[in-house]
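*Asks:* My structure file run20.cif, mmCIF, C-alpha atoms, is below:
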```cif
data_query
#
loop_
_atom_site.group_PDB
_atom_site.id
_atom_site.type_symbol
_atom_site.label_atom_id
_atom_site.label_comp_id
_atom_site.auth_asym_id
_atom_site.auth_seq_id
_atom_site.Cartn_x
_atom_site.Cartn_y
_atom_site.Cartn_z
ATOM 1 C CA MET A 1 3.889 -0.345 -13.102
ATOM 2 C CA PRO A 2 4.801 -0.093 -16.844
ATOM 3 C CA ALA A 3 2.817 -3.270 -17.553
ATOM 4 C CA ARG A 4 -0.163 -1.822 -15.712
ATOM 5 C CA ARG A 5 -0.007 1.408 -17.720
ATOM 6 C CA THR A 6 0.184 -0.596 -20.944
ATOM 7 C CA PHE A 7 -2.865 -2.603 -19.891
ATOM 8 C CA LEU A 8 -4.895 0.513 -19.087
ATOM 9 C CA SER A 9 -3.723 2.274 -22.241
ATOM 10 C CA ALA A 10 -4.850 -0.654 -24.360
ATOM 11 C CA LEU A 11 -8.286 -0.644 -22.765
ATOM 12 C CA ALA A 12 -8.607 3.118 -23.062
ATOM 13 C CA ALA A 13 -7.642 2.874 -26.731
ATOM 14 C CA SER A 14 -10.243 0.164 -27.160
ATOM 15 C CA ALA A 15 -12.869 2.481 -25.693
ATOM 16 C CA LEU A 16 -11.868 5.330 -27.962
ATOM 17 C CA LEU A 17 -11.807 3.119 -31.036
ATOM 18 C CA GLY A 18 -15.030 1.452 -30.000
ATOM 19 C CA ALA A 19 -16.752 4.760 -29.443
ATOM 20 C CA ALA A 20 -15.661 5.972 -32.853
ATOM 21 C CA ALA A 21 -16.136 2.822 -34.874
ATOM 22 C CA VAL A 22 -19.039 1.114 -33.113
ATOM 23 C CA PRO A 23 -22.156 3.216 -32.500
ATOM 24 C CA ALA A 24 -23.589 2.503 -29.063
ATOM 25 C CA ALA A 25 -26.890 1.209 -30.383
ATOM 26 C CA ALA A 26 -25.176 -1.029 -32.925
ATOM 27 C CA SER A 27 -22.374 -2.500 -30.806
ATOM 28 C CA PRO A 28 -24.183 -5.774 -29.906
ATOM 29 C CA SER A 29 -24.356 -6.654 -33.612
ATOM 30 C CA VAL A 30 -20.578 -6.813 -34.094
ATOM 31 C CA GLY A 31 -18.489 -9.956 -33.585
ATOM 32 C CA ASP A 32 -18.548 -11.298 -30.055
ATOM 33 C CA GLY A 33 -14.863 -10.646 -29.347
ATOM 34 C CA ALA A 34 -15.120 -7.063 -30.597
ATOM 35 C CA ARG A 35 -18.288 -6.516 -28.566
ATOM 36 C CA LEU A 36 -16.641 -7.800 -25.369
ATOM 37 C CA ASP A 37 -13.618 -5.578 -25.946
ATOM 38 C CA TYR A 38 -15.914 -2.632 -26.647
ATOM 39 C CA GLN A 39 -17.766 -3.202 -23.360
ATOM 40 C CA LYS A 40 -14.512 -3.439 -21.404
ATOM 41 C CA GLY A 41 -13.185 -0.264 -22.973
ATOM 42 C CA VAL A 42 -16.380 1.649 -22.237
ATOM 43 C CA VAL A 43 -16.361 0.603 -18.580
ATOM 44 C CA VAL A 44 -12.753 1.698 -18.139
ATOM 45 C CA ARG A 45 -13.521 5.031 -19.784
ATOM 46 C CA VAL A 46 -16.552 5.623 -17.557
ATOM 47 C CA LEU A 47 -14.859 4.646 -14.287
ATOM 48 C CA LYS A 48 -11.744 6.703 -14.963
ATOM 49 C CA GLY A 49 -13.814 9.622 -16.247
ATOM 50 C CA VAL A 50 -16.222 9.706 -13.316
ATOM 51 C CA PHE A 51 -13.785 9.145 -10.454
ATOM 52 C CA GLU A 52 -10.580 10.761 -11.736
ATOM 53 C CA ARG A 53 -11.765 13.632 -13.915
ATOM 54 C CA GLY A 54 -15.317 14.395 -12.788
ATOM 55 C CA ASP A 55 -16.425 13.863 -16.385
ATOM 56 C CA THR A 56 -20.219 13.951 -16.677
ATOM 57 C CA ALA A 57 -20.203 13.824 -20.493
ATOM 58 C CA VAL A 58 -18.919 10.245 -20.406
ATOM 59 C CA VAL A 59 -22.020 9.297 -18.398
ATOM 60 C CA ASP A 60 -24.328 10.897 -20.975
ATOM 61 C CA ARG A 61 -22.533 9.044 -23.756
ATOM 62 C CA PHE A 62 -22.230 5.540 -22.305
ATOM 63 C CA VAL A 63 -24.778 5.141 -19.463
ATOM 64 C CA ARG A 64 -28.518 4.664 -19.957
ATOM 65 C CA ALA A 65 -30.783 7.260 -18.358
ATOM 66 C CA ASP A 66 -32.696 4.440 -16.608
ATOM 67 C CA TYR A 67 -29.461 3.020 -15.125
ATOM 68 C CA ILE A 68 -30.227 0.490 -12.358
ATOM 69 C CA GLN A 69 -28.038 0.862 -9.272
ATOM 70 C CA HIS A 70 -27.339 -1.806 -6.623
ATOM 71 C CA ASN A 71 -24.797 0.144 -4.594
ATOM 72 C CA PRO A 72 -26.804 0.919 -1.424
ATOM 73 C CA LEU A 73 -25.360 4.431 -1.190
ATOM 74 C CA ALA A 74 -26.547 5.542 -4.636
ATOM 75 C CA ALA A 75 -29.935 6.148 -6.234
ATOM 76 C CA ASP A 76 -31.052 4.793 -9.605
ATOM 77 C CA GLY A 77 -30.547 6.705 -12.836
ATOM 78 C CA SER A 78 -27.668 8.359 -14.650
ATOM 79 C CA GLY A 79 -28.254 11.687 -12.859
ATOM 80 C CA PRO A 80 -26.926 10.516 -9.474
ATOM 81 C CA LEU A 81 -23.866 9.063 -11.227
ATOM 82 C CA LYS A 82 -23.151 12.460 -12.776
ATOM 83 C CA ASN A 83 -23.581 14.087 -9.357
ATOM 84 C CA LEU A 84 -21.113 11.545 -7.963
ATOM 85 C CA ALA A 85 -18.589 12.467 -10.649
ATOM 86 C CA THR A 86 -18.791 16.137 -9.728
ATOM 87 C CA GLY A 87 -18.744 15.543 -5.986
ATOM 88 C CA VAL A 88 -15.840 13.083 -5.922
ATOM 89 C CA HIS A 89 -13.681 15.246 -8.157
ATOM 90 C CA GLN A 90 -14.319 18.328 -6.026
ATOM 91 C CA GLN A 91 -13.567 16.562 -2.744
ATOM 92 C CA PHE A 92 -10.813 14.205 -3.968
ATOM 93 C CA PRO A 93 -9.154 15.859 -6.981
ATOM 94 C CA GLU A 94 -6.254 13.370 -6.927
ATOM 95 C CA ALA A 95 -8.399 10.239 -6.681
ATOM 96 C CA GLU A 96 -7.175 7.216 -8.635
ATOM 97 C CA TYR A 97 -9.371 4.362 -9.827
ATOM 98 C CA GLY A 98 -6.501 1.885 -10.132
ATOM 99 C CA ILE A 99 -7.955 -0.778 -12.412
ATOM 100 C CA ARG A 100 -6.048 -4.049 -12.144
ATOM 101 C CA ARG A 101 -8.028 -6.526 -14.237
ATOM 102 C CA VAL A 102 -11.128 -6.453 -16.444
ATOM 103 C CA ILE A 103 -13.090 -9.394 -17.827
ATOM 104 C CA SER A 104 -16.242 -9.568 -19.940
ATOM 105 C CA GLU A 105 -18.695 -12.326 -20.802
ATOM 106 C CA GLY A 106 -22.054 -11.933 -22.497
ATOM 107 C CA ASP A 107 -23.497 -8.579 -21.452
ATOM 108 C CA LEU A 108 -21.481 -8.371 -18.210
ATOM 109 C CA VAL A 109 -18.159 -6.706 -17.391
ATOM 110 C CA LEU A 110 -16.306 -7.237 -14.110
ATOM 111 C CA VAL A 111 -13.586 -4.851 -12.915
ATOM 112 C CA HIS A 112 -11.147 -5.419 -10.035
ATOM 113 C CA SER A 113 -9.624 -2.183 -8.747
ATOM 114 C CA ASN A 114 -7.641 -0.455 -6.017
ATOM 115 C CA VAL A 115 -9.540 2.784 -5.450
ATOM 116 C CA VAL A 116 -7.399 5.421 -3.717
ATOM 117 C CA LEU A 117 -9.161 8.694 -2.958
ATOM 118 C CA THR A 118 -6.246 10.268 -1.091
ATOM 119 C CA PRO A 119 -2.675 9.785 -2.376
ATOM 120 C CA GLY A 120 -0.533 7.765 0.021
ATOM 121 C CA SER A 121 -3.422 5.825 1.545
ATOM 122 C CA ARG A 122 -4.000 2.104 0.940
ATOM 123 C CA GLY A 123 -7.498 2.745 -0.358
ATOM 124 C CA SER A 124 -10.141 0.140 -1.008
ATOM 125 C CA ALA A 125 -10.361 -3.115 -2.900
ATOM 126 C CA VAL A 126 -13.408 -2.921 -5.177
ATOM 127 C CA PHE A 127 -15.190 -5.210 -7.601
ATOM 128 C CA ASP A 128 -17.645 -3.580 -10.014
ATOM 129 C CA ILE A 129 -20.015 -5.546 -12.235
ATOM 130 C CA PHE A 130 -21.770 -3.781 -15.116
ATOM 131 C CA ARG A 131 -24.540 -5.047 -17.410
ATOM 132 C CA PHE A 132 -24.829 -3.672 -20.929
ATOM 133 C CA GLN A 133 -28.006 -3.161 -22.912
ATOM 134 C CA GLY A 134 -28.081 -1.688 -26.395
ATOM 135 C CA GLY A 135 -24.382 -0.863 -26.226
ATOM 136 C CA LYS A 136 -24.705 1.211 -23.040
ATOM 137 C CA ILE A 137 -24.272 0.496 -19.338
ATOM 138 C CA ALA A 138 -27.675 -0.421 -17.920
ATOM 139 C CA GLU A 139 -27.009 -1.866 -14.440
ATOM 140 C CA HIS A 140 -24.321 -1.938 -11.748
ATOM 141 C CA TRP A 141 -23.388 -4.013 -8.710
ATOM 142 C CA ASP A 142 -20.295 -3.570 -6.537
ATOM 143 C CA THR A 143 -18.524 -4.669 -3.372
ATOM 144 C CA GLY A 144 -15.770 -2.817 -1.547
ATOM 145 C CA GLN A 145 -13.609 -3.126 1.545
ATOM 146 C CA ASN A 146 -10.728 -1.170 3.027
ATOM 147 C CA VAL A 147 -7.265 -2.560 2.346
ATOM 148 C CA PRO A 148 -5.829 -3.644 5.737
ATOM 149 C CA ASP A 149 -2.399 -2.874 7.182
ATOM 150 C CA SER A 150 -1.168 -6.468 6.989
ATOM 151 C CA SER A 151 -1.887 -9.827 5.411
ATOM 152 C CA ALA A 152 -1.748 -13.397 6.726
ATOM 153 C CA ASN A 153 -0.324 -14.635 3.414
ATOM 154 C CA GLY A 154 2.234 -11.989 2.464
ATOM 155 C CA ASN A 155 0.408 -11.127 -0.768
ATOM 156 C CA ASP A 156 -1.372 -7.854 -1.406
ATOM 157 C CA MET A 157 -5.019 -7.784 -2.498
ATOM 158 C CA PHE A 158 -4.274 -6.988 -6.150
ATOM 159 C CA SER A 159 -1.061 -8.514 -7.530
ATOM 160 C CA THR A 160 -0.766 -11.606 -9.732
ATOM 161 C CA VAL A 161 1.573 -14.192 -8.199
ATOM 162 C CA SER A 162 0.895 -17.272 -10.330
ATOM 163 C CA ARG A 163 2.707 -17.463 -13.667
ATOM 164 C CA PRO A 164 2.535 -15.972 -16.165
ATOM 165 C CA GLN A 165 2.342 -12.841 -14.040
ATOM 166 C CA THR A 166 -0.131 -10.913 -16.155
ATOM 167 C CA GLU A 167 -3.299 -9.092 -15.169
ATOM 168 C CA GLN A 168 -4.947 -9.793 -18.509
ATOM 169 C CA PRO A 169 -7.232 -12.830 -18.899
ATOM 170 C CA GLY A 170 -6.123 -15.830 -20.915
ATOM 171 C CA PRO A 171 -7.532 -16.929 -24.296
ATOM 172 C CA ARG A 172 -11.314 -16.773 -24.589
ATOM 173 C CA TRP A 173 -11.580 -20.339 -25.854
ATOM 174 C CA LEU A 174 -10.826 -21.393 -22.246
ATOM 175 C CA THR A 175 -13.765 -19.453 -20.817
ATOM 176 C CA ALA A 176 -16.526 -22.087 -20.897
ATOM 177 C CA TYR A 177 -14.348 -24.877 -19.456
ATOM 178 C CA ASN A 178 -12.938 -22.744 -16.650
ATOM 179 C CA LYS A 179 -16.363 -21.314 -15.805
ATOM 180 C CA ARG A 180 -17.787 -24.830 -15.373
ATOM 181 C CA LEU A 181 -14.803 -25.907 -13.277
ATOM 182 C CA VAL A 182 -14.944 -22.930 -10.910
ATOM 183 C CA THR A 183 -18.720 -23.143 -10.544
ATOM 184 C CA LYS A 184 -18.454 -26.812 -9.504
ATOM 185 C CA ALA A 185 -15.541 -26.076 -7.189
ATOM 186 C CA PHE A 186 -17.269 -23.077 -5.588
ATOM 187 C CA ASP A 187 -20.530 -24.929 -5.009
ATOM 188 C CA ARG A 188 -18.784 -27.908 -3.455
ATOM 189 C CA LEU A 189 -16.374 -25.939 -1.261
ATOM 190 C CA ILE A 190 -18.327 -22.804 -0.304
ATOM 191 C CA VAL A 191 -22.006 -23.682 -0.785
ATOM 192 C CA ASP A 192 -21.764 -27.304 0.431
ATOM 193 C CA LYS A 193 -18.846 -26.608 2.821
ATOM 194 C CA ASP A 194 -16.947 -29.680 1.597
ATOM 195 C CA LEU A 195 -13.228 -29.141 2.241
ATOM 196 C CA SER A 196 -12.310 -32.170 0.115
ATOM 197 C CA ALA A 197 -13.032 -29.970 -2.910
ATOM 198 C CA LEU A 198 -9.609 -28.427 -2.284
ATOM 199 C CA ASP A 199 -7.993 -31.772 -3.167
ATOM 200 C CA THR A 200 -9.954 -32.046 -6.409
ATOM 201 C CA TYR A 201 -10.003 -28.549 -7.877
ATOM 202 C CA TRP A 202 -7.118 -26.604 -6.302
ATOM 203 C CA GLY A 203 -3.509 -26.708 -7.464
ATOM 204 C CA PRO A 204 -0.584 -27.195 -5.032
ATOM 205 C CA GLU A 205 0.812 -23.776 -6.022
ATOM 206 C CA TYR A 206 -2.375 -21.982 -4.913
ATOM 207 C CA HIS A 207 -1.873 -18.300 -4.020
ATOM 208 C CA GLN A 208 -4.211 -16.477 -1.658
ATOM 209 C CA HIS A 209 -5.001 -12.727 -1.619
ATOM 210 C CA ASN A 210 -7.669 -12.674 1.101
ATOM 211 C CA PRO A 211 -5.675 -10.886 3.830
ATOM 212 C CA GLY A 212 -7.164 -13.037 6.597
ATOM 213 C CA ILE A 213 -6.199 -16.453 5.182
ATOM 214 C CA ALA A 214 -2.734 -18.001 4.949
ATOM 215 C CA ASP A 215 -1.238 -18.882 1.574
ATOM 216 C CA GLY A 216 -1.585 -22.240 -0.161
ATOM 217 C CA VAL A 217 -4.107 -25.055 -0.056
ATOM 218 C CA ALA A 218 -3.218 -25.755 3.579
ATOM 219 C CA GLY A 219 -4.010 -22.161 4.486
ATOM 220 C CA ALA A 220 -7.375 -22.346 2.715
ATOM 221 C CA ARG A 221 -8.207 -25.618 4.454
ATOM 222 C CA GLU A 222 -7.367 -24.212 7.878
ATOM 223 C CA GLY A 223 -9.025 -20.823 7.332
ATOM 224 C CA LEU A 224 -12.215 -22.086 5.726
ATOM 225 C CA GLY A 225 -12.454 -25.004 8.134
ATOM 226 C CA ALA A 226 -12.422 -22.595 11.075
ATOM 227 C CA TYR A 227 -14.965 -20.368 9.308
ATOM 228 C CA PHE A 228 -17.366 -23.266 8.676
ATOM 229 C CA ARG A 229 -17.037 -24.456 12.287
ATOM 230 C CA ALA A 230 -17.694 -20.958 13.627
ATOM 231 C CA PHE A 231 -20.795 -20.559 11.442
ATOM 232 C CA PRO A 232 -22.381 -23.992 11.030
ATOM 233 C CA GLU A 233 -25.552 -22.470 9.553
ATOM 234 C CA LEU A 234 -23.681 -20.482 6.912
ATOM 235 C CA ALA A 235 -25.747 -20.212 3.729
ATOM 236 C CA VAL A 236 -24.173 -19.033 0.482
ATOM 237 C CA SER A 237 -26.273 -18.311 -2.589
ATOM 238 C CA ARG A 238 -24.484 -17.806 -5.886
ATOM 239 C CA LYS A 239 -25.998 -14.898 -7.856
ATOM 240 C CA ARG A 240 -23.906 -14.586 -11.030
ATOM 241 C CA VAL A 241 -20.691 -15.900 -12.539
ATOM 242 C CA VAL A 242 -18.586 -13.863 -14.978
ATOM 243 C CA ALA A 243 -15.656 -15.474 -16.781
ATOM 244 C CA GLU A 244 -13.080 -14.729 -19.427
ATOM 245 C CA GLY A 245 -10.173 -16.990 -20.273
ATOM 246 C CA ASP A 246 -8.471 -18.154 -17.061
ATOM 247 C CA LEU A 247 -10.332 -15.728 -14.747
ATOM 248 C CA VAL A 248 -13.707 -16.593 -13.203
ATOM 249 C CA ALA A 249 -15.611 -14.348 -10.774
ATOM 250 C CA VAL A 250 -18.492 -15.457 -8.536
ATOM 251 C CA HIS A 251 -20.851 -12.858 -7.026
ATOM 252 C CA SER A 252 -22.641 -14.278 -3.983
ATOM 253 C CA HIS A 253 -24.674 -13.563 -0.886
ATOM 254 C CA TYR A 254 -23.076 -15.010 2.284
ATOM 255 C CA VAL A 255 -25.359 -15.259 5.343
ATOM 256 C CA SER A 256 -23.543 -16.504 8.446
ATOM 257 C CA ALA A 257 -26.691 -17.218 10.475
ATOM 258 C CA PRO A 258 -30.449 -17.175 9.797
ATOM 259 C CA GLY A 259 -31.997 -13.729 10.069
ATOM 260 C CA GLU A 260 -28.792 -11.808 9.360
ATOM 261 C CA ARG A 261 -28.443 -9.488 6.372
ATOM 262 C CA GLY A 262 -25.149 -11.116 5.477
ATOM 263 C CA GLN A 263 -22.419 -9.974 3.125
ATOM 264 C CA ALA A 264 -22.096 -9.265 -0.578
ATOM 265 C CA VAL A 265 -18.990 -11.099 -1.773
ATOM 266 C CA VAL A 266 -17.094 -11.358 -5.033
ATOM 267 C CA ASP A 267 -14.560 -14.191 -5.321
ATOM 268 C CA LEU A 268 -12.196 -14.108 -8.300
ATOM 269 C CA PHE A 269 -10.322 -17.282 -9.246
ATOM 270 C CA ARG A 270 -7.513 -17.947 -11.711
ATOM 271 C CA VAL A 271 -7.362 -21.366 -13.379
ATOM 272 C CA ARG A 272 -4.200 -22.832 -14.911
ATOM 273 C CA GLY A 273 -3.987 -26.350 -16.326
ATOM 274 C CA GLY A 274 -7.386 -27.354 -14.975
ATOM 275 C CA LYS A 275 -6.667 -26.296 -11.368
ATOM 276 C CA ILE A 276 -7.433 -23.159 -9.353
ATOM 277 C CA VAL A 277 -4.098 -21.470 -8.656
ATOM 278 C CA GLU A 278 -5.005 -18.008 -7.346
ATOM 279 C CA HIS A 279 -7.812 -16.198 -5.523
ATOM 280 C CA TRP A 280 -8.804 -12.602 -4.786
ATOM 281 C CA ASP A 281 -11.977 -11.473 -2.989
ATOM 282 C CA VAL A 282 -13.872 -8.527 -1.528
ATOM 283 C CA LEU A 283 -16.483 -8.729 1.246
ATOM 284 C CA GLN A 284 -18.989 -6.025 2.184
ATOM 285 C CA ASP A 285 -21.682 -6.095 4.862
ATOM 286 C CA VAL A 286 -25.201 -5.633 3.518
ATOM 287 C CA PRO A 287 -26.530 -2.459 5.202
ATOM 288 C CA ALA A 288 -29.916 -2.027 6.837
ATOM 289 C CA THR A 289 -30.991 0.725 4.434
ATOM 290 C CA SER A 290 -30.395 1.638 0.809
ATOM 291 C CA ALA A 291 -30.678 4.746 -1.359
ATOM 292 C CA ASN A 292 -32.380 2.636 -4.028
ATOM 293 C CA ASP A 293 -35.131 0.022 -3.974
ATOM 294 C CA ASN A 294 -32.839 -2.744 -5.219
ATOM 295 C CA THR A 295 -30.876 -5.266 -3.176
ATOM 296 C CA MET A 296 -27.110 -5.613 -3.562
ATOM 297 C CA PHE A 297 -27.742 -8.710 -5.686
#
```
Give the structure from the file, written as structure tokens.
*Replies:*
Amino acid sequence: MPARRTFLSALAASALLGAAAVPAAASPSVGDGARLDYQKGVVVRVLKGVFERGDTAVVDRFVRADYIQHNPLAADGSGPLKNLATGVHQQFPEAEYGIRRVISEGDLVLVHSNVVLTPGSRGSAVFDIFRFQGGKIAEHWDTGQNVPDSSANGNDMFSTVSRPQTEQPGPRWLTAYNKRLVTKAFDRLIVDKDLSALDTYWGPEYHQHNPGIADGVAGAREGLGAYFRAFPELAVSRKRVVAEGDLVAVHSHYVSAPGERGQAVVDLFRVRGGKIVEHWDVLQDVPATSANDNTMF
């Protein structure tokens, strides 16, 4: 818990410093590392402000008025986000947006969180993806699922098991290499349904956080093998990849059979020494209707 507080404090400080030192309209012109840190800090400040404090001013300051929303329960624009802030805080005054890890690449920021609206409950596992434009948040995608009672692998949906046990991404000079590796591995294993990819790209110490799949490479082989056999017409289309250091996230549309709406899925992988050593994910069914005219992708 102390390490988590330190992590969040550092990001919050980054947001405060960024807001003071880097004008929103000018932030893209600063050095790339500073810009990525600025974006991460802003996202943390907005999420914590909206969901924990009902802060509408943070939306005015950091979110574009023409904000594009892909969450099917929310309408476009910054106004509905401000209404959400007020409504959530009134109904769930002790809500916690428990941010576990944040990565940024280009104009995108990905956040992995345990969102607990009522203290004592397990809450939801959530991935948020934000796109920045002109130093402000311009677009948002997310996926969420309830945290189950038990897990087939003994790991929770949020912890870091592989060493070093840190929630912060590794050095940014690793980003391009690890992004290429995970993209190849994902396409071969998930898109092409080739289980031999596990022998090539996965490390023997692989740790699994999907609560329905057993730990290790053997667990992934058994679980995914059964999944591919159950849904032989499974089609997975990769929509976007966000990476920083040793963490690489893939946002995809999984369709188990032709004609189905499918699921919005975010898979997050950790790479160490050229091998995938850890995996977290969130899966959400695509609903029949949406409050906005955008898809979840």
*Asks:* Hey, can I get the axis-aligned box for segment 151-156 of chain A? All listed atoms, 8 Å padding on each side, centre and edge lengths in Å to one decimal, as JSON.
*Replies:*
```
{"center_x": 0.2, "center_y": -11.2, "center_z": 2.7, "size_x": 20.1, "size_y": 22.8, "size_z": 24.1}
```
*Asks:* Quick one: which residues end up in the PyMOL selection byres ((chain A and resi 52) around 9) for this structure, as a list in words?
*Replies:*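 So the PyMOL selection byres ((chain A and resi 52) around 9) ends up selecting Leu47, Lys48, Gly49, Val50, Phe51, Arg53, Gly54, Asp55, Ala85, Val88, His89, Phe92, Pro93, Glu94, Ala95, Glu96 and Tyr97 of chain A.
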*Asks:* Please list as a list in words every residue within 10 Å of Phe228 of chain A, counting only C-alpha atoms and excluding residues in the same chain fewer than 5 positions away.
*Replies:*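 Non-adjacent residues within range: Ile190, Lys193, Asp194, Leu195, Gly223, Glu233, Leu234 and Ser256 of chain A.
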*Asks:* Could you check how far atom CA of Ile129 of chain A sits from atom CA of Leu108 of chain A, in Å to one decimal?
*Replies:*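 Atom CA of Leu108 of chain A lies at a distance of 6.8 Å from atom CA of Ile129 of chain A.
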*Asks:* Please determine, counting only C-alpha atoms, which residue among A:Ile213, A:Val182, A:Val58, A:Val282 has the shortest atom-to-atom distance to Phe269 of chain A.
*Replies:* A:Val182
*Asks:* Select, from A:Val42, A:Leu73, A:Ile68, A:Ala176, the residue with the minimum atom-to-atom distance to Pro287 of chain A, counting all atoms listed in the file.
*Replies:*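 Closest candidate: A:Leu73.
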*Asks:* Let me know the residues the PyMOL selection byres ((chain A and resi 122) around 8) catches in the file above, as JSON, numbers by chain.
*Replies:* {"A": [116, 120, 121, 123, 124, 146, 147, 148]}
*Asks:* Check the smallest atom-to-atom distance from each of A:Arg240, A:Arg64, A:His70, A:Arg221 to Ile137 of chain A using all atoms listed in the file, then report the winner.
*Replies:*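 The closest residue to Ile137 of chain A is A:Arg64.
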*Asks:* So what do you get for atom CA of Lys40 of chain A versus atom CA of Phe130 of chain A, distance-wise?
*Replies:*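 Spanning atom CA of Lys40 of chain A to atom CA of Phe130 of chain A is a straight-line distance of 9.6 Å.
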*Asks:* Could you tell me which residues the PyMOL selection byres ((chain A and resi 218) around 12) grabs in this file, written as a PyMOL selection string?
*Replies:* chain A and resi 153+195-196+198-199+202-208+213-217+219-225
*Asks:* With all atoms listed in the file as the counted atoms, please give the residues lying no more than 10 Å from Arg238 of chain A, apart from itself and same-chain residues fewer than 6 positions off, as a ChimeraX atom specification.
*Replies:* /A:183,186-187,190-191,250-254,265-266,297
*Asks:* State, in Å with one decimal place, the distance from atom CA of Gly154 of chain A to atom CA of Ile99 of chain A.
*Replies:*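 Result for atom CA of Gly154 of chain A versus atom CA of Ile99 of chain A: 21.2 Å, one decimal.
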*Asks:* Restricting the calculation to all atoms listed in the file, which member of A:Leu117, A:Val248, A:Leu174, A:Ala230 is positioned closest to Glu278 of chain A?
*Replies:*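 Ranked by minimum distance to Glu278 of chain A, first place goes to A:Val248.
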*Asks:* Under the rule that all atoms listed in the file are counted, which of A:Arg131, A:Ser104, A:Trp173, A:His209 is the nearest residue to Ser150 of chain A?
*Replies:*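 Result for the nearest residue to Ser150 of chain A: A:His209.
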